[in-house]
Amino acid sequence: RLCRKLRIPNMSGWGIDRELFEQNLSKMAGDALASGSPANNPRIPEHHELVELYRICFDYDISGEERQG
């Protein structure tokens, strides 16, 4: 919601290739966990939750309209 409010472009808007992005999701999530950064949150996300967060960041709608489904 904050990204939409501030109109921060999603990752696809930055020109990141979806296929390459999908191929690297597991490594990205693993690297995030290994960095220790997620431990700064009240609840440490699991690997699959980080993958889903990355997917949301890839193509969320910056217009402010909520997705259906």
# chains A, B, ... in the order shown; residues from 1 in each chain; ligands from 1
>>> residues_around(residues="region 44-49 of chain A", least_positions_apart="3", cutoff="8 Å", atoms="only C-alpha atoms", output="short mmCIF file (atom, residue, chain, number, x, y, z; two decimals) with all heavy atoms, in the first residue's frame")
data_model
loop_
_atom_site.label_atom_id
_atom_site.label_comp_id
_atom_site.auth_asym_id
_atom_site.auth_seq_id
_atom_site.Cartn_x
_atom_site.Cartn_y
_atom_site.Cartn_z
N SER A 26 14.19 -18.01 -6.01
CA SER A 26 14.60 -18.84 -4.89
C SER A 26 15.94 -18.37 -4.32
O SER A 26 16.11 -18.28 -3.09
CB SER A 26 14.70 -20.31 -5.31
OG SER A 26 15.02 -21.11 -4.20
N ALA A 29 15.45 -15.06 -2.38
CA ALA A 29 14.86 -15.28 -1.06
C ALA A 29 15.88 -15.88 -0.11
O ALA A 29 15.98 -15.47 1.05
CB ALA A 29 13.63 -16.17 -1.19
N GLY A 30 16.65 -16.85 -0.60
CA GLY A 30 17.69 -17.45 0.22
C GLY A 30 18.75 -16.45 0.65
O GLY A 30 19.19 -16.44 1.80
N LEU A 33 17.36 -14.19 3.39
CA LEU A 33 17.38 -14.85 4.69
C LEU A 33 18.80 -14.95 5.25
O LEU A 33 19.04 -14.69 6.43
CB LEU A 33 16.75 -16.23 4.60
CG LEU A 33 15.24 -16.24 4.42
CD1 LEU A 33 14.75 -17.64 4.07
CD2 LEU A 33 14.55 -15.73 5.68
N PRO A 38 15.90 -10.09 7.37
CA PRO A 38 14.54 -10.39 7.78
C PRO A 38 14.37 -10.52 9.30
O PRO A 38 13.28 -10.34 9.83
CB PRO A 38 14.24 -11.72 7.08
CG PRO A 38 15.10 -11.69 5.87
CD PRO A 38 16.37 -11.03 6.35
N ALA A 39 15.45 -10.80 10.01
CA ALA A 39 15.37 -10.93 11.47
C ALA A 39 15.08 -9.59 12.15
O ALA A 39 14.77 -9.55 13.34
CB ALA A 39 16.67 -11.53 12.01
N ASN A 40 15.15 -8.49 11.41
CA ASN A 40 14.85 -7.17 11.96
C ASN A 40 13.35 -6.90 12.01
O ASN A 40 12.93 -5.84 12.46
CB ASN A 40 15.53 -6.07 11.14
CG ASN A 40 17.03 -6.15 11.22
OD1 ASN A 40 17.58 -6.43 12.28
ND2 ASN A 40 17.71 -5.92 10.12
N ASN A 41 12.55 -7.83 11.53
CA ASN A 41 11.10 -7.69 11.51
C ASN A 41 10.49 -8.40 12.72
O ASN A 41 11.10 -9.32 13.27
CB ASN A 41 10.54 -8.29 10.22
CG ASN A 41 10.96 -7.47 9.03
OD1 ASN A 41 10.52 -6.35 8.85
ND2 ASN A 41 11.84 -8.03 8.21
N GLU A 52 6.92 -14.96 -2.41
CA GLU A 52 5.63 -14.32 -2.72
C GLU A 52 5.72 -12.80 -2.63
O GLU A 52 5.17 -12.08 -3.46
CB GLU A 52 4.54 -14.85 -1.79
CG GLU A 52 3.17 -14.27 -2.07
CD GLU A 52 2.66 -14.49 -3.49
OE1 GLU A 52 3.06 -15.48 -4.15
OE2 GLU A 52 1.85 -13.67 -3.96
N LEU A 53 6.44 -12.29 -1.64
CA LEU A 53 6.62 -10.84 -1.53
C LEU A 53 7.34 -10.28 -2.75
O LEU A 53 6.97 -9.22 -3.27
CB LEU A 53 7.40 -10.49 -0.26
CG LEU A 53 6.62 -10.58 1.04
CD1 LEU A 53 7.56 -10.44 2.23
CD2 LEU A 53 5.52 -9.54 1.10
#
>>> residues_around(residues="Asn10 (chain A)", least_positions_apart="2", cutoff="7 Å", atoms="only C-alpha atoms", output="list of chain:residue names")
A:Ile8, A:Ser12, A:Gly13, A:Trp14, A:Cys57, A:Phe58, A:Asp59, A:Tyr60
>>> write_last_selection(atoms="all heavy atoms", output="PDB file, in the first residue's frame")
ATOM      1  N   ILE A   8       5.586   4.386  -6.221  1.00  0.00           N
ATOM      2  CA  ILE A   8       6.888   3.779  -6.496  1.00  0.00           C
ATOM      3  C   ILE A   8       6.681   2.710  -7.564  1.00  0.00           C
ATOM      4  O   ILE A   8       5.831   1.838  -7.404  1.00  0.00           O
ATOM      5  CB  ILE A   8       7.494   3.162  -5.221  1.00  0.00           C
ATOM      6  CG1 ILE A   8       7.770   4.281  -4.209  1.00  0.00           C
ATOM      7  CG2 ILE A   8       8.756   2.369  -5.547  1.00  0.00           C
ATOM      8  CD1 ILE A   8       8.158   3.789  -2.843  1.00  0.00           C
ATOM      9  N   SER A  12       8.571  -4.635 -12.640  1.00  0.00           N
ATOM     10  CA  SER A  12       8.406  -4.729 -14.091  1.00  0.00           C
ATOM     11  C   SER A  12       8.514  -3.337 -14.723  1.00  0.00           C
ATOM     12  O   SER A  12       9.001  -3.200 -15.833  1.00  0.00           O
ATOM     13  CB  SER A  12       7.085  -5.411 -14.465  1.00  0.00           C
ATOM     14  OG  SER A  12       5.981  -4.588 -14.197  1.00  0.00           O
ATOM     15  N   GLY A  13       8.115  -2.316 -13.979  1.00  0.00           N
ATOM     16  CA  GLY A  13       8.243  -0.940 -14.450  1.00  0.00           C
ATOM     17  C   GLY A  13       9.688  -0.476 -14.533  1.00  0.00           C
ATOM     18  O   GLY A  13      10.001   0.503 -15.202  1.00  0.00           O
ATOM     19  N   TRP A  14      10.560  -1.168 -13.838  1.00  0.00           N
ATOM     20  CA  TRP A  14      11.988  -0.855 -13.903  1.00  0.00           C
ATOM     21  C   TRP A  14      12.646  -1.557 -15.076  1.00  0.00           C
ATOM     22  O   TRP A  14      13.852  -1.417 -15.300  1.00  0.00           O
ATOM     23  CB  TRP A  14      12.696  -1.282 -12.634  1.00  0.00           C
ATOM     24  CG  TRP A  14      12.259  -0.581 -11.381  1.00  0.00           C
ATOM     25  CD1 TRP A  14      11.586   0.597 -11.277  1.00  0.00           C
ATOM     26  CD2 TRP A  14      12.451  -1.037 -10.049  1.00  0.00           C
ATOM     27  NE1 TRP A  14      11.350   0.904  -9.965  1.00  0.00           N
ATOM     28  CE2 TRP A  14      11.867  -0.086  -9.184  1.00  0.00           C
ATOM     29  CE3 TRP A  14      13.046  -2.156  -9.497  1.00  0.00           C
ATOM     30  CZ2 TRP A  14      11.881  -0.218  -7.807  1.00  0.00           C
ATOM     31  CZ3 TRP A  14      13.054  -2.279  -8.115  1.00  0.00           C
ATOM     32  CH2 TRP A  14      12.479  -1.315  -7.288  1.00  0.00           C
ATOM     33  N   CYS A  57       5.976  -7.523  -5.462  1.00  0.00           N
ATOM     34  CA  CYS A  57       6.758  -6.334  -5.823  1.00  0.00           C
ATOM     35  C   CYS A  57       7.023  -6.244  -7.319  1.00  0.00           C
ATOM     36  O   CYS A  57       7.233  -5.159  -7.850  1.00  0.00           O
ATOM     37  CB  CYS A  57       8.091  -6.323  -5.077  1.00  0.00           C
ATOM     38  SG  CYS A  57       7.919  -6.042  -3.315  1.00  0.00           S
ATOM     39  N   PHE A  58       7.004  -7.379  -7.992  1.00  0.00           N
ATOM     40  CA  PHE A  58       7.280  -7.369  -9.424  1.00  0.00           C
ATOM     41  C   PHE A  58       6.197  -6.657 -10.208  1.00  0.00           C
ATOM     42  O   PHE A  58       6.484  -5.876 -11.104  1.00  0.00           O
ATOM     43  CB  PHE A  58       7.460  -8.790  -9.976  1.00  0.00           C
ATOM     44  CG  PHE A  58       7.903  -8.790 -11.403  1.00  0.00           C
ATOM     45  CD1 PHE A  58       9.240  -8.642 -11.718  1.00  0.00           C
ATOM     46  CD2 PHE A  58       6.989  -8.894 -12.437  1.00  0.00           C
ATOM     47  CE1 PHE A  58       9.657  -8.601 -13.043  1.00  0.00           C
ATOM     48  CE2 PHE A  58       7.400  -8.860 -13.760  1.00  0.00           C
ATOM     49  CZ  PHE A  58       8.735  -8.709 -14.061  1.00  0.00           C
ATOM     50  N   ASP A  59       4.934  -6.899  -9.862  1.00  0.00           N
ATOM     51  CA  ASP A  59       3.890  -6.342 -10.736  1.00  0.00           C
ATOM     52  C   ASP A  59       2.672  -5.768 -10.024  1.00  0.00           C
ATOM     53  O   ASP A  59       1.580  -5.764 -10.558  1.00  0.00           O
ATOM     54  CB  ASP A  59       3.459  -7.376 -11.771  1.00  0.00           C
ATOM     55  CG  ASP A  59       2.815  -8.604 -11.173  1.00  0.00           C
ATOM     56  OD1 ASP A  59       2.673  -8.687  -9.946  1.00  0.00           O
ATOM     57  OD2 ASP A  59       2.458  -9.500 -11.948  1.00  0.00           O
ATOM     58  N   TYR A  60       2.866  -5.242  -8.793  1.00  0.00           N
ATOM     59  CA  TYR A  60       1.707  -4.622  -8.143  1.00  0.00           C
ATOM     60  C   TYR A  60       1.227  -3.430  -8.969  1.00  0.00           C
ATOM     61  O   TYR A  60       1.972  -2.805  -9.719  1.00  0.00           O
ATOM     62  CB  TYR A  60       2.021  -4.213  -6.696  1.00  0.00           C
ATOM     63  CG  TYR A  60       3.070  -3.136  -6.552  1.00  0.00           C
ATOM     64  CD1 TYR A  60       2.739  -1.797  -6.643  1.00  0.00           C
ATOM     65  CD2 TYR A  60       4.400  -3.468  -6.339  1.00  0.00           C
ATOM     66  CE1 TYR A  60       3.701  -0.821  -6.527  1.00  0.00           C
ATOM     67  CE2 TYR A  60       5.365  -2.507  -6.219  1.00  0.00           C
ATOM     68  CZ  TYR A  60       5.019  -1.177  -6.305  1.00  0.00           C
ATOM     69  OH  TYR A  60       5.979  -0.212  -6.200  1.00  0.00           O
TER      70      TYR A  60
END
>>> atom_distance(atom1="CA of Asp17 (chain A)", atom2="CA of Asp31 (chain A)")
19.6 Å
>>> atom_distance(atom1="CA of Asp61 (chain A)", atom2="CA of Gly36 (chain A)")
29.1 Å
>>> closest_residue(among="A:Cys3, A:Ile16, A:Met28, A:Ala34", to="Ile62 (chain A)", atoms="only C-alpha atoms")
A:Cys3
>>> closest_residue(among="A:Leu6, A:Ile56, A:Met11, A:Leu50", to="Ser37 (chain A)", atoms="only C-alpha atoms")
A:Leu50
>>> select_by_dssp(residues="chain A", states="helix (DSSP H, G or I)", output="count of residues only")
44
